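For reference, start-v6.cif (mmCIF, N, CA and C atoms):
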```cif
data_data
loop_
_atom_site.label_atom_id
_atom_site.label_comp_id
_atom_site.auth_asym_id
_atom_site.auth_seq_id
_atom_site.Cartn_x
_atom_site.Cartn_y
_atom_site.Cartn_z
N MET A 1379 112.16 67.79 157.41
CA MET A 1379 111.02 66.95 157.60
C MET A 1379 109.79 67.64 157.03
N SER A 1380 109.05 66.90 156.30
CA SER A 1380 107.84 67.48 155.72
C SER A 1380 106.63 67.01 156.52
N GLU A 1381 105.76 67.93 156.69
CA GLU A 1381 104.54 67.63 157.43
C GLU A 1381 103.40 67.49 156.44
N THR A 1382 102.74 66.36 156.46
CA THR A 1382 101.63 66.15 155.52
C THR A 1382 100.33 66.56 156.20
N HIS A 1383 99.52 67.24 155.41
CA HIS A 1383 98.22 67.67 155.89
C HIS A 1383 97.16 66.81 155.23
N PRO A 1384 96.26 66.26 156.01
CA PRO A 1384 95.17 65.48 155.41
C PRO A 1384 94.28 66.41 154.59
N ALA A 1385 93.69 65.86 153.58
CA ALA A 1385 92.79 66.65 152.73
C ALA A 1385 91.61 67.12 153.56
N GLN A 1386 91.29 68.39 153.39
CA GLN A 1386 90.16 68.94 154.11
C GLN A 1386 88.87 68.50 153.46
N GLU A 1387 87.88 68.33 154.28
CA GLU A 1387 86.56 67.99 153.78
C GLU A 1387 85.82 69.26 153.40
N PRO A 1388 85.01 69.20 152.35
CA PRO A 1388 84.18 70.36 152.04
C PRO A 1388 83.19 70.60 153.18
N ILE A 1389 82.93 71.86 153.45
CA ILE A 1389 82.01 72.20 154.53
C ILE A 1389 80.82 72.96 153.95
N TYR A 1390 79.75 72.99 154.72
CA TYR A 1390 78.61 73.80 154.30
C TYR A 1390 78.78 75.18 154.91
N VAL A 1391 78.71 76.17 154.06
CA VAL A 1391 78.81 77.57 154.49
C VAL A 1391 77.58 78.28 153.95
N PRO A 1392 76.81 78.94 154.80
CA PRO A 1392 75.67 79.70 154.30
C PRO A 1392 76.13 80.80 153.34
N HIS A 1393 75.26 81.17 152.42
CA HIS A 1393 75.62 82.12 151.37
C HIS A 1393 76.05 83.47 151.95
N ALA A 1394 75.38 83.95 152.97
CA ALA A 1394 75.73 85.24 153.56
C ALA A 1394 77.15 85.20 154.14
N GLU A 1395 77.49 84.11 154.81
CA GLU A 1395 78.84 83.97 155.36
C GLU A 1395 79.87 83.83 154.24
N PHE A 1396 79.50 83.13 153.18
CA PHE A 1396 80.38 82.97 152.02
C PHE A 1396 80.69 84.33 151.39
N ARG A 1397 79.64 85.14 151.21
CA ARG A 1397 79.82 86.49 150.62
C ARG A 1397 80.72 87.35 151.49
N ALA A 1398 80.56 87.27 152.80
CA ALA A 1398 81.35 88.10 153.71
C ALA A 1398 82.78 87.59 153.86
N GLY A 1399 82.94 86.28 153.87
CA GLY A 1399 84.25 85.70 154.16
C GLY A 1399 85.15 85.53 152.96
N LEU A 1400 84.60 85.49 151.76
CA LEU A 1400 85.43 85.26 150.57
C LEU A 1400 86.42 86.40 150.32
N PRO A 1401 86.00 87.66 150.35
CA PRO A 1401 86.99 88.73 150.14
C PRO A 1401 88.04 88.80 151.24
N ALA A 1402 87.70 88.32 152.44
CA ALA A 1402 88.63 88.34 153.56
C ALA A 1402 89.60 87.16 153.52
N GLY A 1403 89.40 86.24 152.58
CA GLY A 1403 90.30 85.09 152.44
C GLY A 1403 90.04 83.99 153.45
N GLN A 1404 88.84 83.89 153.96
CA GLN A 1404 88.52 82.87 154.96
C GLN A 1404 88.28 81.49 154.36
N PHE A 1405 88.08 81.44 153.04
CA PHE A 1405 87.73 80.16 152.41
C PHE A 1405 88.68 79.84 151.27
N ARG A 1406 88.84 78.54 151.07
CA ARG A 1406 89.58 78.02 149.93
C ARG A 1406 88.55 77.36 149.03
N LEU A 1407 88.56 77.72 147.75
CA LEU A 1407 87.57 77.20 146.82
C LEU A 1407 88.22 76.25 145.83
N ILE A 1408 87.51 75.19 145.52
CA ILE A 1408 87.93 74.25 144.49
C ILE A 1408 86.80 74.19 143.48
N VAL A 1409 87.12 74.52 142.23
CA VAL A 1409 86.11 74.54 141.17
C VAL A 1409 86.49 73.50 140.13
N ASN A 1410 85.52 72.66 139.77
CA ASN A 1410 85.71 71.68 138.71
C ASN A 1410 85.50 72.41 137.38
N PRO A 1411 86.58 72.65 136.59
CA PRO A 1411 86.44 73.48 135.39
C PRO A 1411 85.53 72.88 134.33
N GLU A 1412 85.53 71.58 134.18
CA GLU A 1412 84.68 70.95 133.16
C GLU A 1412 83.21 71.12 133.50
N ARG A 1413 82.86 70.83 134.75
CA ARG A 1413 81.47 70.98 135.16
C ARG A 1413 81.06 72.45 135.19
N ALA A 1414 82.00 73.31 135.57
CA ALA A 1414 81.71 74.75 135.60
C ALA A 1414 81.39 75.24 134.19
N SER A 1415 82.14 74.77 133.21
CA SER A 1415 81.92 75.18 131.84
C SER A 1415 80.52 74.77 131.37
N LYS A 1416 80.14 73.55 131.64
CA LYS A 1416 78.81 73.07 131.25
C LYS A 1416 77.71 73.85 131.97
N TYR A 1417 77.91 74.07 133.27
CA TYR A 1417 76.88 74.77 134.05
C TYR A 1417 76.72 76.22 133.58
N VAL A 1418 77.81 76.92 133.39
CA VAL A 1418 77.74 78.33 133.00
C VAL A 1418 77.12 78.47 131.61
N LYS A 1419 77.51 77.60 130.69
CA LYS A 1419 76.93 77.65 129.35
C LYS A 1419 75.43 77.39 129.39
N HIS A 1420 75.02 76.45 130.24
CA HIS A 1420 73.59 76.16 130.38
C HIS A 1420 72.86 77.31 131.07
N ARG A 1421 73.44 77.82 132.14
CA ARG A 1421 72.80 78.89 132.93
C ARG A 1421 72.64 80.17 132.12
N LEU A 1422 73.63 80.48 131.29
CA LEU A 1422 73.57 81.69 130.47
C LEU A 1422 72.83 81.48 129.15
N MET A 1423 72.37 80.25 128.91
CA MET A 1423 71.71 79.89 127.65
C MET A 1423 72.57 80.31 126.46
N LEU A 1424 73.83 79.97 126.54
CA LEU A 1424 74.81 80.42 125.55
C LEU A 1424 74.52 79.86 124.16
N THR A 1425 74.14 78.61 124.07
CA THR A 1425 73.86 78.03 122.76
C THR A 1425 72.69 78.74 122.09
N ALA A 1426 71.67 79.06 122.88
CA ALA A 1426 70.52 79.76 122.33
C ALA A 1426 70.86 81.17 121.89
N LEU A 1427 71.87 81.76 122.49
CA LEU A 1427 72.29 83.11 122.09
C LEU A 1427 73.23 83.10 120.89
N ILE A 1428 74.09 82.10 120.82
CA ILE A 1428 75.12 82.09 119.78
C ILE A 1428 74.61 81.47 118.48
N LEU A 1429 73.72 80.51 118.57
CA LEU A 1429 73.22 79.85 117.36
C LEU A 1429 72.61 80.83 116.35
N PRO A 1430 71.79 81.79 116.76
CA PRO A 1430 71.28 82.75 115.78
C PRO A 1430 72.36 83.62 115.14
N ILE A 1431 73.39 83.94 115.90
CA ILE A 1431 74.49 84.75 115.35
C ILE A 1431 75.22 83.96 114.27
N VAL A 1432 75.54 82.70 114.57
CA VAL A 1432 76.22 81.86 113.58
C VAL A 1432 75.31 81.62 112.38
N GLY A 1433 74.05 81.35 112.62
CA GLY A 1433 73.11 81.13 111.52
C GLY A 1433 72.96 82.36 110.64
N ALA A 1434 72.88 83.52 111.26
CA ALA A 1434 72.79 84.76 110.48
C ALA A 1434 74.07 84.98 109.68
N GLY A 1435 75.20 84.62 110.26
CA GLY A 1435 76.48 84.75 109.54
C GLY A 1435 76.52 83.84 108.32
N ILE A 1436 76.03 82.63 108.47
CA ILE A 1436 75.98 81.71 107.32
C ILE A 1436 75.02 82.25 106.27
N GLY A 1437 73.89 82.77 106.71
CA GLY A 1437 72.94 83.37 105.77
C GLY A 1437 73.52 84.56 105.04
N MET A 1438 74.26 85.39 105.76
CA MET A 1438 74.89 86.56 105.13
C MET A 1438 75.91 86.11 104.08
N ALA A 1439 76.67 85.06 104.39
CA ALA A 1439 77.66 84.56 103.44
C ALA A 1439 76.97 84.01 102.19
N TRP A 1440 75.86 83.31 102.35
CA TRP A 1440 75.14 82.76 101.20
C TRP A 1440 74.46 83.85 100.38
N TYR A 1441 74.05 84.91 101.07
CA TYR A 1441 73.33 85.99 100.40
C TYR A 1441 74.24 86.91 99.58
N GLY A 1442 75.54 86.80 99.81
CA GLY A 1442 76.48 87.59 99.03
C GLY A 1442 77.39 88.49 99.84
N TYR A 1443 77.37 88.36 101.15
CA TYR A 1443 78.24 89.15 102.01
C TYR A 1443 79.16 88.21 102.79
N PRO A 1444 80.14 87.61 102.10
CA PRO A 1444 80.95 86.58 102.75
C PRO A 1444 81.81 87.10 103.91
N TRP A 1445 82.32 88.31 103.83
CA TRP A 1445 83.19 88.80 104.90
C TRP A 1445 82.40 89.11 106.16
N ILE A 1446 81.24 89.69 106.00
CA ILE A 1446 80.40 89.96 107.17
C ILE A 1446 79.94 88.63 107.78
N GLY A 1447 79.58 87.69 106.93
CA GLY A 1447 79.16 86.37 107.41
C GLY A 1447 80.28 85.66 108.15
N LEU A 1448 81.49 85.74 107.61
CA LEU A 1448 82.64 85.10 108.27
C LEU A 1448 82.89 85.72 109.64
N VAL A 1449 82.80 87.04 109.71
CA VAL A 1449 83.02 87.71 111.00
C VAL A 1449 81.96 87.27 112.02
N MET A 1450 80.73 87.16 111.60
CA MET A 1450 79.67 86.75 112.53
C MET A 1450 79.86 85.31 113.01
N VAL A 1451 80.24 84.43 112.11
CA VAL A 1451 80.49 83.03 112.49
C VAL A 1451 81.67 82.96 113.45
N LEU A 1452 82.74 83.66 113.14
CA LEU A 1452 83.91 83.66 114.02
C LEU A 1452 83.59 84.28 115.38
N LEU A 1453 82.78 85.33 115.37
CA LEU A 1453 82.37 85.96 116.62
C LEU A 1453 81.62 84.96 117.51
N GLY A 1454 80.73 84.20 116.93
CA GLY A 1454 79.98 83.21 117.69
C GLY A 1454 80.86 82.10 118.24
N VAL A 1455 81.76 81.60 117.43
CA VAL A 1455 82.65 80.51 117.86
C VAL A 1455 83.61 81.00 118.95
N VAL A 1456 84.19 82.18 118.75
CA VAL A 1456 85.14 82.71 119.74
C VAL A 1456 84.44 83.02 121.05
N ALA A 1457 83.25 83.58 121.01
CA ALA A 1457 82.51 83.88 122.24
C ALA A 1457 82.22 82.60 123.02
N HIS A 1458 81.86 81.55 122.31
CA HIS A 1458 81.56 80.26 122.96
C HIS A 1458 82.81 79.72 123.66
N ARG A 1459 83.94 79.81 123.01
CA ARG A 1459 85.19 79.31 123.61
C ARG A 1459 85.66 80.17 124.77
N ILE A 1460 85.51 81.48 124.65
CA ILE A 1460 85.93 82.37 125.74
C ILE A 1460 85.12 82.10 127.00
N VAL A 1461 83.82 81.96 126.85
CA VAL A 1461 82.98 81.67 128.01
C VAL A 1461 83.36 80.31 128.61
N GLY A 1462 83.66 79.33 127.78
CA GLY A 1462 84.07 78.02 128.28
C GLY A 1462 85.36 78.09 129.07
N ARG A 1463 86.31 78.87 128.62
CA ARG A 1463 87.59 78.98 129.33
C ARG A 1463 87.48 79.80 130.60
N GLN A 1464 86.64 80.80 130.61
CA GLN A 1464 86.49 81.68 131.77
C GLN A 1464 85.38 81.21 132.71
N ALA A 1465 84.84 80.04 132.47
CA ALA A 1465 83.69 79.54 133.25
C ALA A 1465 83.94 79.51 134.76
N PRO A 1466 85.09 79.05 135.26
CA PRO A 1466 85.27 79.06 136.72
C PRO A 1466 85.17 80.47 137.32
N LYS A 1467 85.73 81.46 136.64
CA LYS A 1467 85.65 82.84 137.14
C LYS A 1467 84.22 83.36 137.05
N ILE A 1468 83.54 83.04 135.96
CA ILE A 1468 82.15 83.47 135.79
C ILE A 1468 81.27 82.82 136.85
N LEU A 1469 81.49 81.52 137.10
CA LEU A 1469 80.72 80.82 138.12
C LEU A 1469 80.93 81.45 139.49
N LEU A 1470 82.15 81.77 139.83
CA LEU A 1470 82.43 82.38 141.12
C LEU A 1470 81.72 83.73 141.23
N HIS A 1471 81.78 84.52 140.17
CA HIS A 1471 81.09 85.81 140.14
C HIS A 1471 79.59 85.62 140.35
N MET A 1472 79.00 84.66 139.67
CA MET A 1472 77.57 84.40 139.79
C MET A 1472 77.22 83.86 141.18
N ALA A 1473 78.08 83.01 141.75
CA ALA A 1473 77.81 82.41 143.06
C ALA A 1473 77.86 83.44 144.17
N VAL A 1474 78.74 84.42 144.05
CA VAL A 1474 78.81 85.45 145.08
C VAL A 1474 77.56 86.31 145.08
N ARG A 1475 76.99 86.54 143.91
CA ARG A 1475 75.85 87.44 143.79
C ARG A 1475 74.49 86.76 143.93
N ASP A 1476 74.41 85.46 143.69
CA ASP A 1476 73.12 84.77 143.68
C ASP A 1476 73.20 83.50 144.53
N ALA A 1477 72.38 83.45 145.58
CA ALA A 1477 72.39 82.30 146.48
C ALA A 1477 71.97 81.02 145.77
N LYS A 1478 71.04 81.12 144.82
CA LYS A 1478 70.58 79.93 144.10
C LYS A 1478 71.72 79.30 143.30
N VAL A 1479 72.51 80.12 142.62
CA VAL A 1479 73.66 79.61 141.87
C VAL A 1479 74.67 78.99 142.82
N TYR A 1480 74.91 79.63 143.95
CA TYR A 1480 75.85 79.12 144.95
C TYR A 1480 75.43 77.72 145.42
N HIS A 1481 74.16 77.57 145.78
CA HIS A 1481 73.69 76.27 146.27
C HIS A 1481 73.67 75.22 145.16
N GLU A 1482 73.32 75.60 143.95
CA GLU A 1482 73.36 74.65 142.84
C GLU A 1482 74.79 74.20 142.56
N ALA A 1483 75.73 75.11 142.61
CA ALA A 1483 77.13 74.76 142.35
C ALA A 1483 77.65 73.77 143.39
N ILE A 1484 77.23 73.94 144.62
CA ILE A 1484 77.65 73.01 145.67
C ILE A 1484 76.92 71.68 145.51
N ASP A 1485 75.62 71.72 145.25
CA ASP A 1485 74.84 70.49 145.11
C ASP A 1485 75.29 69.65 143.92
N PHE A 1486 75.65 70.29 142.83
CA PHE A 1486 76.09 69.58 141.62
C PHE A 1486 77.58 69.26 141.64
N GLU A 1487 78.22 69.50 142.78
CA GLU A 1487 79.66 69.22 142.99
C GLU A 1487 80.54 69.94 141.97
N ILE A 1488 80.18 71.17 141.68
CA ILE A 1488 81.01 72.01 140.82
C ILE A 1488 81.95 72.83 141.69
N LEU A 1489 81.49 73.20 142.87
CA LEU A 1489 82.22 74.08 143.77
C LEU A 1489 82.34 73.41 145.13
N GLU A 1490 83.55 73.45 145.68
CA GLU A 1490 83.78 72.99 147.06
C GLU A 1490 84.33 74.15 147.85
N VAL A 1491 83.83 74.31 149.07
CA VAL A 1491 84.27 75.37 149.95
C VAL A 1491 84.97 74.73 151.15
N GLN A 1492 86.18 75.20 151.43
CA GLN A 1492 86.94 74.71 152.57
C GLN A 1492 87.43 75.91 153.37
N ARG A 1493 87.65 75.72 154.64
CA ARG A 1493 88.22 76.80 155.47
C ARG A 1493 89.68 76.99 155.09
N ALA A 1494 90.10 78.23 155.00
CA ALA A 1494 91.51 78.53 154.73
C ALA A 1494 92.32 78.28 155.99
N ARG A 1495 93.54 77.92 155.80
CA ARG A 1495 94.40 77.63 156.96
C ARG A 1495 95.14 78.85 157.37
#
```

Take the structure in the file and write it out as C-alpha coordinates.
Amino acid sequence: MSETHPAQEPIYVPHAEFRAGLPAGQFRLIVNPERASKYVKHRLMLTALILPIVGAGIGMAWYGYPWIGLVMVLLGVVAHRIVGRQAPKILLHMAVRDAKVYHEAIDFEILEVQRAR
(Lines of atoms letter the chains of each structure in order from A and count residues from 1; the text may use other names and numbers.)
(Lines give C-alpha, C1' and ligand atoms only; values in the text may rest on other atoms or scores of the structure.)
Protein backbone atom coordinates (compact mmCIF):
# COMPACT_ATOMS: atom_id res chain seq x y z
CA MET A 1 0.00 0.00 0.00
CA SER A 2 1.32 3.37 -0.91
CA GLU A 3 0.74 6.35 1.23
CA THR A 4 0.25 9.62 -0.60
CA HIS A 5 1.49 12.81 0.94
CA PRO A 6 -0.25 16.06 0.09
CA ALA A 7 1.98 18.71 -1.39
CA GLN A 8 3.47 20.91 1.26
CA GLU A 9 2.78 24.59 1.16
CA PRO A 10 5.69 27.00 1.02
CA ILE A 11 6.29 28.63 4.38
CA TYR A 12 7.86 31.88 5.43
CA VAL A 13 11.17 31.36 7.16
CA PRO A 14 13.20 34.32 8.44
CA HIS A 15 16.65 34.61 6.86
CA ALA A 16 18.52 33.92 10.12
CA GLU A 17 16.56 30.70 10.65
CA PHE A 18 17.10 29.75 6.99
CA ARG A 19 20.88 30.23 7.34
CA ALA A 20 20.99 28.14 10.52
CA GLY A 21 18.61 25.40 9.41
CA LEU A 22 19.75 24.81 5.83
CA PRO A 23 23.06 23.06 6.66
CA ALA A 24 21.21 20.96 9.26
CA GLY A 25 18.75 19.74 6.61
CA GLN A 26 15.67 21.30 8.20
CA PHE A 27 14.34 22.67 4.92
CA ARG A 28 13.47 21.39 1.48
CA LEU A 29 14.09 23.89 -1.29
CA ILE A 30 12.43 24.12 -4.68
CA VAL A 31 14.14 26.38 -7.20
CA ASN A 32 12.62 27.37 -10.54
CA PRO A 33 15.68 27.00 -12.85
CA GLU A 34 14.38 29.27 -15.61
CA ARG A 35 13.56 32.14 -13.27
CA ALA A 36 16.77 31.54 -11.33
CA SER A 37 18.78 31.85 -14.52
CA LYS A 38 17.16 35.17 -15.42
CA TYR A 39 17.50 36.52 -11.88
CA VAL A 40 21.15 35.54 -11.45
CA LYS A 41 22.13 36.94 -14.85
CA HIS A 42 20.36 40.20 -14.00
CA ARG A 43 21.72 40.38 -10.45
CA LEU A 44 25.31 39.77 -11.57
CA MET A 45 24.92 42.16 -14.53
CA LEU A 46 26.27 39.37 -16.69
CA THR A 47 25.33 40.92 -20.03
CA ALA A 48 27.11 44.14 -19.12
CA LEU A 49 30.22 42.16 -18.21
CA ILE A 50 30.28 39.79 -21.17
CA LEU A 51 29.32 42.21 -23.95
CA PRO A 52 32.63 44.12 -23.80
CA ILE A 53 34.59 40.86 -23.88
CA VAL A 54 32.74 39.65 -26.97
CA GLY A 55 33.00 43.08 -28.58
CA ALA A 56 36.72 43.25 -27.92
CA GLY A 57 37.09 39.76 -29.38
CA ILE A 58 35.31 40.82 -32.56
CA GLY A 59 37.49 43.92 -32.72
CA MET A 60 40.63 41.83 -32.27
CA ALA A 61 39.55 39.52 -35.09
CA TRP A 62 38.91 42.48 -37.42
CA TYR A 63 42.18 44.13 -36.46
CA GLY A 64 44.19 41.09 -37.52
CA TYR A 65 44.30 38.79 -34.50
CA PRO A 66 41.63 36.22 -35.39
CA TRP A 67 42.69 33.51 -32.92
CA ILE A 68 42.78 35.84 -29.93
CA GLY A 69 39.45 37.30 -31.04
CA LEU A 70 37.91 33.85 -31.39
CA VAL A 71 39.08 32.86 -27.92
CA MET A 72 37.58 36.01 -26.41
CA VAL A 73 34.23 35.51 -28.15
CA LEU A 74 34.11 31.86 -27.10
CA LEU A 75 35.07 32.80 -23.55
CA GLY A 76 32.15 35.22 -23.38
CA VAL A 77 29.63 32.78 -24.81
CA VAL A 78 30.78 29.87 -22.63
CA ALA A 79 30.77 32.00 -19.47
CA HIS A 80 27.20 33.11 -20.20
CA ARG A 81 26.03 29.52 -20.64
CA ILE A 82 27.87 28.23 -17.57
CA VAL A 83 26.27 30.86 -15.35
CA GLY A 84 22.87 30.03 -16.84
CA ARG A 85 23.25 26.33 -16.09
CA GLN A 86 24.63 26.84 -12.60
CA ALA A 87 22.09 29.54 -11.72
CA PRO A 88 20.15 27.52 -9.10
CA LYS A 89 23.37 26.78 -7.19
CA ILE A 90 24.55 30.37 -7.53
CA LEU A 91 21.16 31.65 -6.34
CA LEU A 92 21.26 29.39 -3.29
CA HIS A 93 24.78 30.59 -2.48
CA MET A 94 23.69 34.22 -2.81
CA ALA A 95 20.48 33.66 -0.78
CA VAL A 96 22.35 32.13 2.14
CA ARG A 97 24.72 35.08 2.33
CA ASP A 98 22.38 38.00 1.57
CA ALA A 99 18.95 38.50 3.13
CA LYS A 100 17.85 40.83 0.31
CA VAL A 101 18.51 38.15 -2.33
CA TYR A 102 16.71 35.58 -0.17
CA HIS A 103 13.59 37.74 0.17
CA GLU A 104 13.61 38.70 -3.52
CA ALA A 105 13.89 35.04 -4.55
CA ILE A 106 10.88 34.18 -2.42
CA ASP A 107 8.87 37.23 -3.52
CA PHE A 108 9.55 36.59 -7.22
CA GLU A 109 8.60 32.90 -6.76
CA ILE A 110 12.05 31.66 -7.73
CA LEU A 111 12.63 29.87 -4.43
CA GLU A 112 10.21 27.93 -2.23
CA VAL A 113 11.11 26.83 1.28
CA GLN A 114 9.36 23.86 2.88
CA ARG A 115 9.98 22.00 6.12
CA ALA A 116 11.84 18.73 5.65
CA ARG A 117 10.04 15.62 6.77

Build an axis-aligned box that encloses every atom of range 1455-1471 of chain A listed in the file, pad it by 8 Å on each side, and report its centre and edge lengths in Å to one decimal, as lines of an AutoDock Vina configuration file.
```
center_x = 83.6
center_y = 81.9
center_z = 129.3
size_x = 24.0
size_y = 23.8
size_z = 39.8
```

Starting from the displayed file, determine the output of the PyMOL selection byres ((chain A and resi 1444-1457) around 7) and express the residue list as an MDAnalysis selection string. chainID A and resid 1428:1429 1431:1443 1458:1462

Among A:Glu1387, A:Ala1465, A:Arg1406, A:Arg1413, Phe1486 in chain A is approached most closely, using all atoms listed in the file, by A:Arg1413

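For the atom pair formed by atom N of Ile1389 in chain A and CA of Pro1401 in chain A, the distance is 17.7 Å, given to one decimal.
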
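One finds CA of Leu1400 in chain A at 10.0 Å from CA of Ala1494 in chain A.
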
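For the atom pair formed by CA of Gln1404 in chain A and CA of Arg1495 in chain A, the distance is 8.1 Å, given to one decimal.
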
Pull out every residue that the PyMOL selection byres ((chain A and resi 1408) around 7) matches in the shown coordinates and put them as a list in words. Arg1406, Leu1407, Val1409, Asn1410, Ile1488, Leu1489, Glu1490, Val1491 and Gln1492 of chain A

If you run DSSP on this backbone, which residues of chain A come out as strand (DSSP E), and could you give them as a ChimeraX atom specification? /A:1405-1409,1489-1493

Got a sec: who's within 12 Å of Arg1475 in chain A, counting only C-alpha atoms, leaving out chain neighbours fewer than 2 positions off, as a short mmCIF file (atom, residue, chain, number, x, y, z; two decimals) with N, CA and C atoms, keeping the file's coordinate frame?
```
data_model
loop_
_atom_site.label_atom_id
_atom_site.label_comp_id
_atom_site.auth_asym_id
_atom_site.auth_seq_id
_atom_site.Cartn_x
_atom_site.Cartn_y
_atom_site.Cartn_z
N HIS A 1393 75.26 81.17 152.42
CA HIS A 1393 75.62 82.12 151.37
C HIS A 1393 76.05 83.47 151.95
N ALA A 1394 75.38 83.95 152.97
CA ALA A 1394 75.73 85.24 153.56
C ALA A 1394 77.15 85.20 154.14
N PHE A 1396 79.50 83.13 153.18
CA PHE A 1396 80.38 82.97 152.02
C PHE A 1396 80.69 84.33 151.39
N ARG A 1397 79.64 85.14 151.21
CA ARG A 1397 79.82 86.49 150.62
C ARG A 1397 80.72 87.35 151.49
N ALA A 1398 80.56 87.27 152.80
CA ALA A 1398 81.35 88.10 153.71
C ALA A 1398 82.78 87.59 153.86
N LEU A 1400 84.60 85.49 151.76
CA LEU A 1400 85.43 85.26 150.57
C LEU A 1400 86.42 86.40 150.32
N ILE A 1468 83.54 83.04 135.96
CA ILE A 1468 82.15 83.47 135.79
C ILE A 1468 81.27 82.82 136.85
N LEU A 1469 81.49 81.52 137.10
CA LEU A 1469 80.72 80.82 138.12
C LEU A 1469 80.93 81.45 139.49
N LEU A 1470 82.15 81.77 139.83
CA LEU A 1470 82.43 82.38 141.12
C LEU A 1470 81.72 83.73 141.23
N HIS A 1471 81.78 84.52 140.17
CA HIS A 1471 81.09 85.81 140.14
C HIS A 1471 79.59 85.62 140.35
N MET A 1472 79.00 84.66 139.67
CA MET A 1472 77.57 84.40 139.79
C MET A 1472 77.22 83.86 141.18
N ALA A 1473 78.08 83.01 141.75
CA ALA A 1473 77.81 82.41 143.06
C ALA A 1473 77.86 83.44 144.17
N ALA A 1477 72.38 83.45 145.58
CA ALA A 1477 72.39 82.30 146.48
C ALA A 1477 71.97 81.02 145.77
N LYS A 1478 71.04 81.12 144.82
CA LYS A 1478 70.58 79.93 144.10
C LYS A 1478 71.72 79.30 143.30
N VAL A 1479 72.51 80.12 142.62
CA VAL A 1479 73.66 79.61 141.87
C VAL A 1479 74.67 78.99 142.82
N TYR A 1480 74.91 79.63 143.95
CA TYR A 1480 75.85 79.12 144.95
C TYR A 1480 75.43 77.72 145.42
N HIS A 1481 74.16 77.57 145.78
CA HIS A 1481 73.69 76.27 146.27
C HIS A 1481 73.67 75.22 145.16
#
```

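Each of A:Ala1402, A:Val1391, A:Ala1483, A:Val1474 was checked against Tyr1417 in chain A using only C-alpha atoms; the smallest atom-to-atom distance is that of A:Ala1483.
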